[in-house]
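Engineer: Below: one structure in structure tokens.
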Amino acid sequence: MTFSRITGLGYYVPDNIVTNEDLTKWMETSDEWIQERTGIKERRYFEYGKDTNYSMAAAASKQALERAGIDASQVDVIVYATITPDYFFPGSAFLMQRELGMNGIPVIDIRQQCSGFVYALSIADQFIKSGMYKTALVIGSEIQSSWIDKSTAGRNTAVIFGDGAGAAVLQATADENHRILSTHLHADGRFAEDLFVKEPGSSRPGRTATTEMIDEGGFNVHMNGNTVFKHAIVRFGEVINEALDANGFKSSDVNVLVPHQANIRISEYVRQQMGLSEEQVVNNIQRFGNTTAASIPIALAEAWEAGRIKDGDLVCLAAFGSGFTWASALIRW
């Protein structure tokens, strides 16, 4: 049988570090208030004229390709997750493809929010297992600092988000001992408006309504924090256990858990429920905030780079986000 294996990881974060103290210049908040609620100390913001969604993805991809020991010309398909594309259309995957000179191969843009990278990983995994493609480039990239409401009115969400990109190279393998074991994807649209950005939407009046949309806060993030938190702690556990059960493992078999970096309290709750040590759970939200689709590949790449993920380790990726959507992947490294 043909399986898929992650052979290279890369990430890029902007140089611009924005601390909690920096945010106090724009809104009524404090370092203590932010850390207590999220665990975040700082995050990265893109630099206009230097960083774009696709340029960050390209930088992460170059690093992943180099670590995989392959050239961009060997990639058969790109699966690109983002909710903050450079253009309304076409997607940033096309722009990154052009940047890396990978013309002619298919690109797939997906919008699964915080679960985007795991969804993208699953899509690439299925392509490879089916025999359709041998090498896939999977990306999560976000620029969120340009549209968040940095006023006191928007602080509940503004303090959370940051910018960055992560990438993974997947390649076909016959090795049953080092591969993606399974992926598990879910969604529940009943809660779509509990975490969403309404505009720009096509089902409202056209250009003449733009000012009204802005005045009504249609371009701001709207989040029912309590509902999101309550669902997240349940769905994280469910989808992790689903992956473990599907492969005959228990939580004690997991060597490394890489959760979506949404909130340190959520990660800590999941860690305690699984009975894992702090060293077994990868958290970098303290330095990068919530980078949505980029958070898992950035955290995964950092963990691998630091030697926290070793050959033969059982690694679990898990995410929950807007939609609602939740997903997991179990990998034998």
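Please note that chains go A, B, ... in the order of the structure tokens, that every chain numbers its residues from 1, and that ligands are numbered from 1 in the order shown.
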Give me the residues of segment 29-59 of chain A that have any atom at most 8 Å from an atom of segment 6-16 of chain A; for each, the nearest atom pair and the distance in Å, rounded to one decimal. Use only C-alpha atoms, sort by chain and number, and format it as JSON lines.
Structural biologist:
```
{"residue": "A:Arg44", "atom": "CA", "partner": "A:Asn16", "partner_atom": "CA", "distance": 5.5}
{"residue": "A:Tyr45", "atom": "CA", "partner": "A:Asn16", "partner_atom": "CA", "distance": 5.5}
{"residue": "A:Phe46", "atom": "CA", "partner": "A:Pro14", "partner_atom": "CA", "distance": 5.4}
{"residue": "A:Glu47", "atom": "CA", "partner": "A:Asn16", "partner_atom": "CA", "distance": 6.8}
{"residue": "A:Asp51", "atom": "CA", "partner": "A:Pro14", "partner_atom": "CA", "distance": 7.3}
{"residue": "A:Met56", "atom": "CA", "partner": "A:Tyr12", "partner_atom": "CA", "distance": 5.9}
{"residue": "A:Ala57", "atom": "CA", "partner": "A:Tyr12", "partner_atom": "CA", "distance": 7.4}
{"residue": "A:Ala59", "atom": "CA", "partner": "A:Tyr12", "partner_atom": "CA", "distance": 6.2}
```
Engineer: Could you save those same residues with N, CA, C and O atoms as a PDB file, in the first residue's frame?
Structural biologist:
```pdb
ATOM      1  N   ARG A  44       3.376  38.331  16.464  1.00  0.00           N
ATOM      2  CA  ARG A  44       4.061  38.970  15.341  1.00  0.00           C
ATOM      3  C   ARG A  44       3.035  39.610  14.406  1.00  0.00           C
ATOM      4  O   ARG A  44       1.993  39.015  14.127  1.00  0.00           O
ATOM      5  N   TYR A  45       3.352  40.826  13.944  1.00  0.00           N
ATOM      6  CA  TYR A  45       2.543  41.512  12.948  1.00  0.00           C
ATOM      7  C   TYR A  45       3.358  41.679  11.667  1.00  0.00           C
ATOM      8  O   TYR A  45       4.554  41.987  11.723  1.00  0.00           O
ATOM      9  N   PHE A  46       2.699  41.505  10.542  1.00  0.00           N
ATOM     10  CA  PHE A  46       3.383  41.649   9.257  1.00  0.00           C
ATOM     11  C   PHE A  46       3.859  43.085   9.048  1.00  0.00           C
ATOM     12  O   PHE A  46       3.332  44.026   9.636  1.00  0.00           O
ATOM     13  N   GLU A  47       4.864  43.232   8.198  1.00  0.00           N
ATOM     14  CA  GLU A  47       5.384  44.542   7.831  1.00  0.00           C
ATOM     15  C   GLU A  47       4.913  44.870   6.417  1.00  0.00           C
ATOM     16  O   GLU A  47       5.258  44.169   5.459  1.00  0.00           O
ATOM     17  N   ASP A  51       6.024  41.857   3.915  1.00  0.00           N
ATOM     18  CA  ASP A  51       5.334  40.579   4.083  1.00  0.00           C
ATOM     19  C   ASP A  51       3.974  40.585   3.389  1.00  0.00           C
ATOM     20  O   ASP A  51       3.240  41.578   3.449  1.00  0.00           O
ATOM     21  N   MET A  56       4.991  34.975   2.904  1.00  0.00           N
ATOM     22  CA  MET A  56       5.280  34.228   4.131  1.00  0.00           C
ATOM     23  C   MET A  56       5.165  32.730   3.873  1.00  0.00           C
ATOM     24  O   MET A  56       5.991  31.935   4.330  1.00  0.00           O
ATOM     25  N   ALA A  57       4.118  32.336   3.131  1.00  0.00           N
ATOM     26  CA  ALA A  57       3.940  30.929   2.785  1.00  0.00           C
ATOM     27  C   ALA A  57       5.103  30.425   1.936  1.00  0.00           C
ATOM     28  O   ALA A  57       5.571  29.290   2.109  1.00  0.00           O
ATOM     29  N   ALA A  59       8.197  31.534   1.955  1.00  0.00           N
ATOM     30  CA  ALA A  59       9.383  31.395   2.815  1.00  0.00           C
ATOM     31  C   ALA A  59       9.313  30.102   3.624  1.00  0.00           C
ATOM     32  O   ALA A  59      10.310  29.372   3.742  1.00  0.00           O
TER      33      ALA A  59
END
```
Engineer: Enumerate as a PyMOL selection string all residues of segment 50-239 of chain A assigned to strand (DSSP E or B) by DSSP on the backbone, naming them with the chain letters and numbers the document uses.
Structural biologist: chain A and resi 77-81+107-110+135-142+161+164-173+179-187+195-196+222-223
Engineer: Using only C-alpha atoms, find each residue in segment 35-138 of chain A having at least one atom no more than 7 Å away from segment 168-185 of chain A; report its shortest atom-to-atom pair and that distance in Å (one decimal), rows by chain then rising number, as CSV.
Structural biologist:
```
residue,atom,partner,partner_atom,distance
A:Ala64,CA,A:Ala168,CA,5.8
A:Leu65,CA,A:Val169,CA,6.5
A:Ala68,CA,A:Val169,CA,6.8
A:Tyr119,CA,A:Leu185,CA,6.8
A:Ser122,CA,A:Thr183,CA,5.8
A:Ile128,CA,A:Ala172,CA,6.0
A:Lys134,CA,A:Ala172,CA,5.0
A:Thr135,CA,A:Gln171,CA,4.5
A:Ala136,CA,A:Leu170,CA,5.1
A:Leu137,CA,A:Val169,CA,4.8
A:Val138,CA,A:Ala168,CA,5.2
```
Engineer: Put those residues in a file: N, CA and C atoms, as a PDB file, in the first residue's frame.
Structural biologist:
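As a result, selection-v4.pdb now contains:
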```pdb
ATOM      1  N   ALA A  64      10.714  24.138   4.135  1.00  0.00           N
ATOM      2  CA  ALA A  64      10.212  22.767   4.197  1.00  0.00           C
ATOM      3  C   ALA A  64      10.764  21.923   3.051  1.00  0.00           C
ATOM      4  N   LEU A  65      10.814  22.498   1.859  1.00  0.00           N
ATOM      5  CA  LEU A  65      11.339  21.777   0.697  1.00  0.00           C
ATOM      6  C   LEU A  65      12.817  21.459   0.871  1.00  0.00           C
ATOM      7  N   ALA A  68      13.200  18.684   3.225  1.00  0.00           N
ATOM      8  CA  ALA A  68      12.779  17.423   2.619  1.00  0.00           C
ATOM      9  C   ALA A  68      13.789  16.933   1.584  1.00  0.00           C
ATOM     10  N   TYR A 119      -7.133  19.929   7.977  1.00  0.00           N
ATOM     11  CA  TYR A 119      -7.960  19.627   6.808  1.00  0.00           C
ATOM     12  C   TYR A 119      -7.082  19.520   5.555  1.00  0.00           C
ATOM     13  N   SER A 122      -5.104  16.377   5.551  1.00  0.00           N
ATOM     14  CA  SER A 122      -5.952  15.236   5.218  1.00  0.00           C
ATOM     15  C   SER A 122      -6.199  15.136   3.712  1.00  0.00           C
ATOM     16  N   ILE A 128      -2.317  11.341  -1.977  1.00  0.00           N
ATOM     17  CA  ILE A 128      -1.140  10.480  -2.064  1.00  0.00           C
ATOM     18  C   ILE A 128      -1.518   9.018  -1.892  1.00  0.00           C
ATOM     19  N   LYS A 134       2.350  12.046  -5.797  1.00  0.00           N
ATOM     20  CA  LYS A 134       3.417  11.486  -4.968  1.00  0.00           C
ATOM     21  C   LYS A 134       3.962  12.483  -3.947  1.00  0.00           C
ATOM     22  N   THR A 135       3.874  13.771  -4.276  1.00  0.00           N
ATOM     23  CA  THR A 135       4.434  14.803  -3.393  1.00  0.00           C
ATOM     24  C   THR A 135       3.462  15.976  -3.288  1.00  0.00           C
ATOM     25  N   ALA A 136       3.184  16.385  -2.062  1.00  0.00           N
ATOM     26  CA  ALA A 136       2.253  17.492  -1.829  1.00  0.00           C
ATOM     27  C   ALA A 136       2.894  18.518  -0.903  1.00  0.00           C
ATOM     28  N   LEU A 137       2.568  19.778  -1.139  1.00  0.00           N
ATOM     29  CA  LEU A 137       3.004  20.870  -0.275  1.00  0.00           C
ATOM     30  C   LEU A 137       1.774  21.401   0.443  1.00  0.00           C
ATOM     31  N   VAL A 138       1.794  21.327   1.765  1.00  0.00           N
ATOM     32  CA  VAL A 138       0.639  21.713   2.587  1.00  0.00           C
ATOM     33  C   VAL A 138       1.000  22.954   3.387  1.00  0.00           C
TER      34      VAL A 138
END
```
Engineer: Taking only residues of segment 202-275 of chain A that have an atom at most 12 Å from an atom of segment 143-161 of chain A, what is each one's shortest atom pair and its distance in Å to one decimal, using only C-alpha atoms, in chain and number order, as JSON lines?
Structural biologist:
```
{"residue": "A:Ile214", "atom": "CA", "partner": "A:Asp149", "partner_atom": "CA", "distance": 11.3}
{"residue": "A:Gly217", "atom": "CA", "partner": "A:Asp149", "partner_atom": "CA", "distance": 9.2}
{"residue": "A:Gly218", "atom": "CA", "partner": "A:Asp149", "partner_atom": "CA", "distance": 11.1}
{"residue": "A:Phe219", "atom": "CA", "partner": "A:Trp147", "partner_atom": "CA", "distance": 7.5}
{"residue": "A:Asn220", "atom": "CA", "partner": "A:Asp149", "partner_atom": "CA", "distance": 6.2}
{"residue": "A:Val221", "atom": "CA", "partner": "A:Thr157", "partner_atom": "CA", "distance": 6.9}
{"residue": "A:His222", "atom": "CA", "partner": "A:Thr157", "partner_atom": "CA", "distance": 8.0}
{"residue": "A:Met223", "atom": "CA", "partner": "A:Thr157", "partner_atom": "CA", "distance": 7.5}
{"residue": "A:Asn224", "atom": "CA", "partner": "A:Asn156", "partner_atom": "CA", "distance": 10.1}
{"residue": "A:Gly225", "atom": "CA", "partner": "A:Asn156", "partner_atom": "CA", "distance": 8.6}
{"residue": "A:Asn226", "atom": "CA", "partner": "A:Asn156", "partner_atom": "CA", "distance": 11.8}
{"residue": "A:Gln261", "atom": "CA", "partner": "A:Ile160", "partner_atom": "CA", "distance": 9.9}
{"residue": "A:Ala262", "atom": "CA", "partner": "A:Ile160", "partner_atom": "CA", "distance": 7.9}
{"residue": "A:Asn263", "atom": "CA", "partner": "A:Ile160", "partner_atom": "CA", "distance": 8.3}
{"residue": "A:Ile264", "atom": "CA", "partner": "A:Ile160", "partner_atom": "CA", "distance": 11.0}
```
Engineer: Applying 6 Å and only C-alpha atoms, which residues near Phe324 of chain A remain after dropping the ones on its own chain fewer than 5 positions away? List them as a PDB file with C-alpha atoms, in the first residue's frame.
Structural biologist:
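File written: around_21.pdb
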```pdb
ATOM      1  CA  ALA A 187     -17.912  20.480  11.252  1.00  0.00           C
ATOM      2  CA  ASP A 188     -21.158  21.871  12.668  1.00  0.00           C
ATOM      3  CA  GLY A 189     -22.547  24.919  10.875  1.00  0.00           C
ATOM      4  CA  PHE A 191     -22.669  27.619  15.359  1.00  0.00           C
TER       5      PHE A 191
END
```
Engineer: Apply DSSP to the structure's backbone, then extract all residues of segment 152-264 of chain A labelled alpha helix (DSSP H) and return them as a VMD selection string.
Structural biologist: chain A and resid 155 to 158 210 to 215 225 to 246 264
Engineer: May I have the residues from that selection written out with N, CA, C and O atoms, as a CSV table (one decimal), in the first residue's frame?
Structural biologist:
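Contents of the output file selection_24.csv:
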```
chain,number,residue,atom,x,y,z
A,155,ARG,N,-11.0,44.5,21.8
A,155,ARG,CA,-9.9,43.9,22.5
A,155,ARG,C,-10.0,42.4,22.8
A,155,ARG,O,-9.0,41.7,22.8
A,156,ASN,N,-11.2,41.9,23.0
A,156,ASN,CA,-11.4,40.5,23.3
A,156,ASN,C,-10.9,39.6,22.3
A,156,ASN,O,-10.4,38.5,22.5
A,157,THR,N,-10.9,40.0,21.0
A,157,THR,CA,-10.4,39.2,19.9
A,157,THR,C,-9.0,39.8,19.4
A,157,THR,O,-8.1,39.0,19.0
A,158,ALA,N,-8.9,41.1,19.5
A,158,ALA,CA,-7.6,41.7,18.9
A,158,ALA,C,-6.4,41.2,19.6
A,158,ALA,O,-5.3,41.1,19.0
A,210,THR,N,-20.8,49.6,1.3
A,210,THR,CA,-19.6,49.3,2.0
A,210,THR,C,-19.4,50.2,3.2
A,210,THR,O,-19.0,49.7,4.3
A,211,THR,N,-19.7,51.5,3.2
A,211,THR,CA,-19.6,52.3,4.4
A,211,THR,C,-20.5,51.9,5.5
A,211,THR,O,-20.1,51.8,6.7
A,212,GLU,N,-21.7,51.5,5.1
A,212,GLU,CA,-22.6,51.0,6.1
A,212,GLU,C,-22.1,49.7,6.8
A,212,GLU,O,-22.3,49.5,8.0
A,213,MET,N,-21.6,48.9,6.0
A,213,MET,CA,-21.0,47.6,6.5
A,213,MET,C,-19.9,47.9,7.5
A,213,MET,O,-19.8,47.2,8.5
A,214,ILE,N,-19.1,48.8,7.2
A,214,ILE,CA,-18.0,49.2,8.1
A,214,ILE,C,-18.5,49.8,9.4
A,214,ILE,O,-18.1,49.4,10.5
A,215,ASP,N,-19.5,50.7,9.3
A,215,ASP,CA,-20.1,51.4,10.4
A,215,ASP,C,-20.8,50.4,11.3
A,215,ASP,O,-20.8,50.5,12.6
A,225,GLY,N,-17.4,34.1,23.2
A,225,GLY,CA,-16.3,33.5,23.8
A,225,GLY,C,-16.6,32.3,24.7
A,225,GLY,O,-16.0,31.2,24.6
A,226,ASN,N,-17.7,32.4,25.4
A,226,ASN,CA,-18.1,31.2,26.3
A,226,ASN,C,-18.5,30.0,25.5
A,226,ASN,O,-18.1,28.9,25.8
A,227,THR,N,-19.3,30.2,24.4
A,227,THR,CA,-19.7,29.1,23.6
A,227,THR,C,-18.5,28.5,22.9
A,227,THR,O,-18.4,27.2,22.9
A,228,VAL,N,-17.6,29.3,22.4
A,228,VAL,CA,-16.4,28.7,21.7
A,228,VAL,C,-15.6,27.9,22.7
A,228,VAL,O,-15.2,26.8,22.4
A,229,PHE,N,-15.4,28.4,23.9
A,229,PHE,CA,-14.6,27.7,24.9
A,229,PHE,C,-15.2,26.4,25.3
A,229,PHE,O,-14.5,25.4,25.3
A,230,LYS,N,-16.5,26.4,25.6
A,230,LYS,CA,-17.1,25.2,26.0
A,230,LYS,C,-17.1,24.1,24.9
A,230,LYS,O,-16.9,22.9,25.2
A,231,HIS,N,-17.3,24.5,23.7
A,231,HIS,CA,-17.3,23.5,22.6
A,231,HIS,C,-15.9,23.0,22.4
A,231,HIS,O,-15.7,21.8,22.1
A,232,ALA,N,-14.9,23.9,22.4
A,232,ALA,CA,-13.5,23.6,22.1
A,232,ALA,C,-13.0,22.5,23.1
A,232,ALA,O,-12.4,21.5,22.6
A,233,ILE,N,-13.2,22.6,24.4
A,233,ILE,CA,-12.7,21.7,25.3
A,233,ILE,C,-13.3,20.3,25.1
A,233,ILE,O,-12.7,19.3,25.4
A,234,VAL,N,-14.6,20.3,24.6
A,234,VAL,CA,-15.2,19.0,24.4
A,234,VAL,C,-14.7,18.4,23.1
A,234,VAL,O,-14.4,17.2,23.0
A,235,ARG,N,-14.7,19.2,22.0
A,235,ARG,CA,-14.4,18.7,20.7
A,235,ARG,C,-12.9,18.3,20.6
A,235,ARG,O,-12.6,17.3,19.9
A,236,PHE,N,-12.0,19.0,21.3
A,236,PHE,CA,-10.6,18.6,21.3
A,236,PHE,C,-10.5,17.2,21.8
A,236,PHE,O,-9.8,16.3,21.2
A,237,GLY,N,-11.1,16.9,22.9
A,237,GLY,CA,-11.0,15.6,23.5
A,237,GLY,C,-11.6,14.5,22.6
A,237,GLY,O,-11.0,13.4,22.5
A,238,GLU,N,-12.8,14.8,22.1
A,238,GLU,CA,-13.5,13.8,21.2
A,238,GLU,C,-12.6,13.5,20.0
A,238,GLU,O,-12.5,12.3,19.7
A,239,VAL,N,-12.1,14.5,19.3
A,239,VAL,CA,-11.4,14.2,18.0
A,239,VAL,C,-10.0,13.5,18.3
A,239,VAL,O,-9.6,12.7,17.4
A,240,ILE,N,-9.4,13.8,19.4
A,240,ILE,CA,-8.1,13.2,19.7
A,240,ILE,C,-8.4,11.7,20.1
A,240,ILE,O,-7.7,10.8,19.6
A,241,ASN,N,-9.4,11.4,20.9
A,241,ASN,CA,-9.8,10.0,21.2
A,241,ASN,C,-10.2,9.3,20.0
A,241,ASN,O,-10.0,8.1,19.9
A,242,GLU,N,-10.9,9.9,19.1
A,242,GLU,CA,-11.3,9.3,17.8
A,242,GLU,C,-10.1,8.8,17.0
A,242,GLU,O,-10.1,7.6,16.5
A,243,ALA,N,-9.1,9.6,17.0
A,243,ALA,CA,-7.9,9.2,16.3
A,243,ALA,C,-7.2,8.1,17.0
A,243,ALA,O,-6.7,7.1,16.3
A,244,LEU,N,-7.1,8.1,18.3
A,244,LEU,CA,-6.4,7.1,19.1
A,244,LEU,C,-7.2,5.8,18.9
A,244,LEU,O,-6.6,4.7,18.7
A,245,ASP,N,-8.5,5.8,19.1
A,245,ASP,CA,-9.4,4.6,19.0
A,245,ASP,C,-9.2,4.0,17.6
A,245,ASP,O,-9.2,2.7,17.5
A,246,ALA,N,-9.2,4.8,16.6
A,246,ALA,CA,-9.1,4.3,15.2
A,246,ALA,C,-7.9,3.5,14.9
A,246,ALA,O,-7.8,2.6,14.0
A,264,ILE,N,-4.2,29.2,26.0
A,264,ILE,CA,-3.4,28.3,26.8
A,264,ILE,C,-4.2,27.5,27.8
A,264,ILE,O,-3.9,26.4,28.2
```
Engineer: How close does each residue of segment 15-60 of chain A get to segment 81-97 of chain A, giving the shortest atom pair and distance in Å to one decimal for every residue with an atom at most 9 Å away, counting only C-alpha atoms, sorted by chain and residue number, as a tab-separated table?
Structural biologist:
```
residue	atom	partner	partner_atom	distance
A:Thr52	CA	A:Asp86	CA	7.0
A:Asn53	CA	A:Asp86	CA	6.0
A:Tyr54	CA	A:Met96	CA	4.9
A:Ser55	CA	A:Met96	CA	6.7
A:Met56	CA	A:Met96	CA	8.9
A:Ala57	CA	A:Met96	CA	6.9
A:Ala58	CA	A:Met96	CA	5.8
```
Engineer: How about saving the chosen residues, N, CA and C atoms kept, as a short mmCIF file (atom, residue, chain, number, x, y, z; two decimals), in the first residue's frame?
Structural biologist:
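Output saved as result07.cif:
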```
data_model
loop_
_atom_site.label_atom_id
_atom_site.label_comp_id
_atom_site.auth_asym_id
_atom_site.auth_seq_id
_atom_site.Cartn_x
_atom_site.Cartn_y
_atom_site.Cartn_z
N THR A 52 3.65 39.48 2.75
CA THR A 52 2.31 39.22 2.26
C THR A 52 1.94 37.82 2.71
N ASN A 53 0.66 37.48 2.59
CA ASN A 53 0.26 36.13 2.95
C ASN A 53 1.06 35.12 2.13
N TYR A 54 1.14 35.35 0.82
CA TYR A 54 1.82 34.36 -0.02
C TYR A 54 3.33 34.38 0.12
N SER A 55 3.92 35.55 0.42
CA SER A 55 5.38 35.59 0.58
C SER A 55 5.80 34.86 1.85
N MET A 56 4.99 34.98 2.90
CA MET A 56 5.28 34.23 4.13
C MET A 56 5.17 32.73 3.87
N ALA A 57 4.12 32.34 3.13
CA ALA A 57 3.94 30.93 2.79
C ALA A 57 5.10 30.43 1.94
N ALA A 58 5.57 31.27 1.02
CA ALA A 58 6.69 30.88 0.17
C ALA A 58 7.96 30.66 0.98
#
```
Engineer: Ranking A:Phe196, A:Phe288, A:Phe117, A:Phe249 by minimum distance to Thr38 of chain A and counting only C-alpha atoms, which one comes first?
Structural biologist: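 Closest candidate: A:Phe288.
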Engineer: Provide the atom CA of Val18 of chain A to atom CA of Ser295 of chain A distance in Å, to one decimal place.
Structural biologist: 17.0 Å
Engineer: Report, in Å to a single decimal, how far apart atom CA of Pro259 of chain A and atom CA of Ala319 of chain A are.
Structural biologist: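 One can read the atom CA of Ala319 of chain A to atom CA of Pro259 of chain A distance as 5.9 Å.
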Engineer: What separation in Å, quoted to one decimal, exists between atom CA of Asp163 of chain A and atom CA of Tyr269 of chain A?
Structural biologist: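 Spanning atom CA of Asp163 of chain A to atom CA of Tyr269 of chain A is a straight-line distance of 25.0 Å.
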Engineer: Which one is closest to Ser61 of chain A: A:Gly248, A:Pro205, A:Gly39, A:Pro297? Count only C-alpha atoms.
Structural biologist: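 Of the candidates, the smallest distance to Ser61 of chain A is held by A:Pro297.
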Engineer: Taking into account only C-alpha atoms, which residue in the set A:Arg98, A:Arg111, A:Glu21, A:Met274 is nearest to Ile34 of chain A?
Structural biologist: A:Glu21
Engineer: Please provide the set of residues having any atom within 9 Å of Ser130 of chain A, restricted to only C-alpha atoms, with same-chain residues fewer than 3 positions apart removed, written as a PyMOL selection string.
Structural biologist: chain A and resi 2-3+125-127+133
